[in-house]
Amino acid sequence: MPMNLMHQRICSSEKWALKTREQLLPWALDGVELGTDVLEIGPGYGANLRVLVEQVPHLTAVEVDAETARLLDVAWGERVRIVHADGAAMPLPDTSYDSVVCFTMLHHVPTAEQQDRIFAEAFRVLRPGGTFAGSDSRSSLRFRLLHLRDTMNVVDPATLPARLTRAGFTDVSVTVHEQGGSLRFRARRP
């Protein structure tokens, strides 16, 4: 994975899983109707997946790292469809999900162009009326230190609405958390 060892330890920890369950996902998904068939892009070590699997009937997760996808499949394969693939080129059928989500992973995508391809893929696999929602971190000194020798390509909340609109989405909204550490977004496929 494109993360240093300290970052890997944090993201695979029970402390991070608890923070995800109690803070990150409730804020990121507040008011979002996920529907029946949900796709998570970039589940990483599965902290978000643990929460989502309890909330939706059918969950698919696309993970770019082969070893991480294998570990997720061992742990969750009976309840979640795990697909080893790049979120920017998913081997999934068009219009097959009620919602697509991604949390705290976009900054691990090396370029804005690749992020935009993920947005386009999310649009492609969503059913009409479906929602693309998620969150990501914002830059700070602490965040930059955590990402030493890591991929860190932070999404600018000021340009994100236009990027999602270019991918085809409507009803785009981006909110910066009042404490400034993260942003959330929602967009709809017409």
# chains A, B, ... in the order shown; residues from 1 in each chain; ligands from 1
>>> residues_around(residues="A:Tyr45", least_positions_apart="4", cutoff="7 Å", atoms="only C-alpha atoms", output="VMD selection string")
chain A and resid 11 to 12 68
>>> residues_around(residues="stretch 101-107 of chain A", least_positions_apart="3", cutoff="6 Å", atoms="only C-alpha atoms", output="list in words")
Glu40, Ile41, Phe132, Ala133, Gly134, Ser135, Asp136, Ser137, Met152, Asn153 and Val154 of chain A
>>> closest_residue(among="A:Arg21, A:Leu71, A:Gly77, A:Phe123", to="A:Glu54", atoms="only C-alpha atoms")
A:Arg21
>>> residues_around(residues="A:Arg186", least_positions_apart="3", cutoff="12 Å", atoms="only C-alpha atoms", output="PyMOL selection string")
chain A and resi 27-34+99-103+119+122+130-135+160-161+164-165+169-175+183+189
>>> closest_residue(among="A:Arg70, A:Arg81, A:Arg9, A:His108", to="A:Pro57", atoms="only C-alpha atoms")
A:Arg81
>>> select_by_dssp(residues="chain A", states="alpha helix (DSSP H)", output="number ranges by chain")
A: 5-11, 14-19, 25-28, 47-52, 66-76, 112-125, 141-146, 160-166
